[in-house]
$ cat my_file-v1.cif   # mmCIF, C-alpha atoms
data_entry
loop_
_atom_site.label_atom_id
_atom_site.label_comp_id
_atom_site.auth_asym_id
_atom_site.auth_seq_id
_atom_site.Cartn_x
_atom_site.Cartn_y
_atom_site.Cartn_z
CA MET B 33 0.00 0.00 0.00
CA PHE B 34 0.92 3.64 -0.43
CA ILE B 35 -0.28 6.61 1.62
CA ALA B 36 -0.26 10.10 0.11
CA MET B 37 -0.61 13.10 2.41
CA ASN B 38 -0.79 16.83 1.85
CA ARG B 39 -0.44 19.16 4.82
CA PHE B 40 -2.19 22.52 4.79
CA ARG B 41 -1.49 25.38 7.21
CA VAL B 42 -4.70 27.42 7.23
CA VAL B 43 -4.66 30.97 8.63
CA PRO B 44 -6.96 31.39 11.69
CA GLY B 45 -10.47 32.43 10.73
CA TYR B 46 -10.46 30.48 7.45
CA GLU B 47 -10.97 26.99 8.89
CA GLU B 48 -14.72 26.85 8.19
CA ALA B 49 -14.26 27.94 4.57
CA PHE B 50 -11.46 25.37 4.10
CA GLU B 51 -13.58 22.56 5.53
CA THR B 52 -16.61 23.56 3.43
CA ILE B 53 -14.55 23.52 0.23
CA TRP B 54 -13.34 20.00 1.00
CA ARG B 55 -16.80 18.75 2.03
CA GLU B 56 -18.33 19.99 -1.22
CA ARG B 57 -15.45 19.07 -3.52
CA LYS B 58 -15.94 16.28 -6.06
CA ARG B 59 -12.79 14.24 -5.60
CA HIS B 60 -13.13 11.59 -8.36
CA LEU B 61 -10.90 9.23 -6.34
CA ALA B 62 -13.31 6.30 -6.38
CA GLU B 63 -13.10 6.25 -10.18
CA MET B 64 -9.45 5.19 -10.00
CA PRO B 65 -8.06 1.64 -9.83
CA GLY B 66 -6.20 1.02 -6.59
CA TYR B 67 -7.91 3.78 -4.59
CA LEU B 68 -8.81 2.57 -1.09
CA GLU B 69 -9.79 5.52 1.11
CA PHE B 70 -9.61 9.25 1.82
CA HIS B 71 -9.47 11.21 5.08
CA MET B 72 -9.28 14.93 5.75
CA LEU B 73 -7.62 15.39 9.12
CA LYS B 74 -7.79 18.45 11.37
CA GLY B 75 -4.77 18.87 13.57
CA PRO B 76 -3.63 21.24 16.26
CA LYS B 77 -4.02 25.00 16.24
CA ALA B 78 -1.00 27.26 16.53
CA ASP B 79 -0.99 31.03 16.87
CA ASP B 80 -0.60 31.52 13.12
CA HIS B 81 -2.41 28.48 11.62
CA THR B 82 -4.54 25.38 12.00
CA LEU B 83 -2.94 22.24 10.59
CA TYR B 84 -4.92 20.00 8.21
CA ALA B 85 -3.81 16.93 6.26
CA SER B 86 -5.48 15.12 3.39
CA HIS B 87 -4.71 11.42 3.49
CA THR B 88 -5.37 8.94 0.68
CA VAL B 89 -4.58 5.24 0.74
CA TRP B 90 -3.75 3.39 -2.48
CA SER B 91 -3.08 -0.26 -3.26
CA THR B 92 0.29 0.66 -4.77
CA LYS B 93 2.47 3.69 -5.40
CA ASP B 94 1.90 3.08 -9.13
CA ASP B 95 -1.86 3.46 -8.57
CA PHE B 96 -1.23 6.81 -6.87
CA THR B 97 1.09 7.93 -9.67
CA ALA B 98 -1.56 6.99 -12.25
CA TRP B 99 -4.05 9.15 -10.31
CA THR B 100 -1.73 12.16 -10.49
CA ARG B 101 -1.56 11.79 -14.30
CA SER B 102 -5.26 11.15 -14.85
CA GLU B 103 -8.17 13.18 -16.18
CA GLN B 104 -9.87 12.54 -12.82
CA PHE B 105 -6.97 14.28 -11.03
CA ARG B 106 -7.24 17.28 -13.34
CA ALA B 107 -11.01 17.42 -12.80
CA ALA B 108 -10.65 17.17 -9.01
CA HIS B 109 -8.17 20.06 -8.98
CA ALA B 110 -9.72 22.17 -11.74
CA ASN B 111 -11.31 24.73 -9.40
CA ALA B 112 -8.52 24.90 -6.81
CA GLY B 113 -7.44 28.33 -8.04
CA ASN B 114 -10.98 29.68 -7.66
CA ASN B 115 -10.73 29.33 -3.87
CA ARG B 116 -8.06 32.00 -3.52
CA GLY B 117 -9.39 34.68 -1.21
CA LYS B 118 -11.87 32.27 0.36
CA VAL B 119 -9.05 30.57 2.29
CA GLU B 120 -5.64 31.91 3.28
CA TYR B 121 -2.66 29.63 3.81
CA LEU B 122 0.75 30.23 5.34
CA SER B 123 2.22 28.37 2.35
CA GLY B 124 1.15 25.92 -0.34
CA PRO B 125 0.36 22.30 0.49
CA HIS B 126 3.27 20.14 1.60
CA PHE B 127 3.21 16.63 0.06
CA GLU B 128 4.44 13.51 1.85
CA GLY B 129 4.26 9.98 0.40
CA PHE B 130 4.74 6.78 2.37
CA ASP B 131 5.16 3.13 1.40
CA VAL B 132 3.34 0.98 3.94
CA ILE B 133 5.74 -1.59 5.37
CA ILE B 134 3.49 -3.00 8.12
CA HIS B 135 -0.31 -2.95 8.18
CA GLU B 136 -2.33 -4.28 11.11
CA ASP B 137 -6.11 -4.56 10.78
CA ALA B 138 -8.81 -4.06 13.42
CA ASN B 139 -8.47 -7.72 14.42
CA GLY B 140 -4.80 -7.25 15.25
CA GLU B 141 -3.68 -9.28 12.25
CA THR B 142 -0.85 -8.21 9.99
CA ARG B 143 -2.31 -8.25 6.49
CA SER B 144 0.51 -6.84 4.42
CA VAL B 145 4.22 -6.33 4.77
CA ALA B 146 6.33 -4.84 1.99
CA ALA B 147 10.10 -4.92 1.93
#
$ encode --input "my_file-v1.cif" --output "structure tokens"
Amino acid sequence: MFIAMNRFRVVPGYEEAFETIWRERKRHLAEMPGYLEFHMLKGPKADDHTLYASHTVWSTKDDFTAWTRSEQFRAAHANAGNNRGKVEYLSGPHFEGFDVIIHEDANGETRSVAA
């Protein structure tokens, strides 16, 4: 499995607008082979921002890479520029990608291990 994360540092006062944009956004992820799940995470507040992270899980890194090159990716991100002014960020999103090396399910069983 592969986990793709983007961290967003949202300026105080823009959290509600940020969350609304993500709730209403058509993501197109489920149209892609290898897509498993999506989470939008809200983290701690600092004086100058609230931390958020989008988190997608893919069967393989190749599936994620295919997503980034797809028409679905372009459609999901087509209106991103239209949200300027609605939300202020300290900086652009910060991407982090992770290969899953150990995965334990809710039953406590290890289902996948990659070398």
$ atom_distance --input "my_file-v1.cif" --atom1 "CA of Gln104 in chain B" --atom2 "CA of Gly66 in chain B"
13.6 Å
$ atom_distance --input "my_file-v1.cif" --atom1 "CA of Glu128 in chain B" --atom2 "CA of Pro65 in chain B"
20.8 Å
$ residues_around --input "my_file-v1.cif" --residues "Thr92 in chain B" --least-positions-apart "3" --cutoff "7 Å" --atoms "all atoms listed in the file" --output "MDAnalysis selection string"
chainID B and resid 33:34 66 95:96
$ resolve_selection --input "my_file-v1.cif" --expression "the PyMOL selection byres ((chain B and resi 56-60) around 10)" --output "list in words"
Glu51, Thr52, Ile53, Trp54, Arg55, Leu61, Ala62, Glu63, Met64, Phe70, Trp99, Glu103, Gln104, Phe105, Arg106, Ala107, Ala108, His109, Asn111 and Ala112 of chain B
$ atom_distance --input "my_file-v1.cif" --atom1 "CA of Asp131 in chain B" --atom2 "CA of Ile35 in chain B"
6.5 Å
$ closest_residue --input "my_file-v1.cif" --among "B:Met72, B:His126, B:Val119, B:Lys77" --to "Arg39 in chain B" --atoms "all atoms listed in the file"
B:His126
$ resolve_selection --input "my_file-v1.cif" --expression "the PyMOL selection byres ((chain B and resi 76) around 12)" --output "number ranges by chain"
B: 40-42, 44, 47, 73-75, 77-85
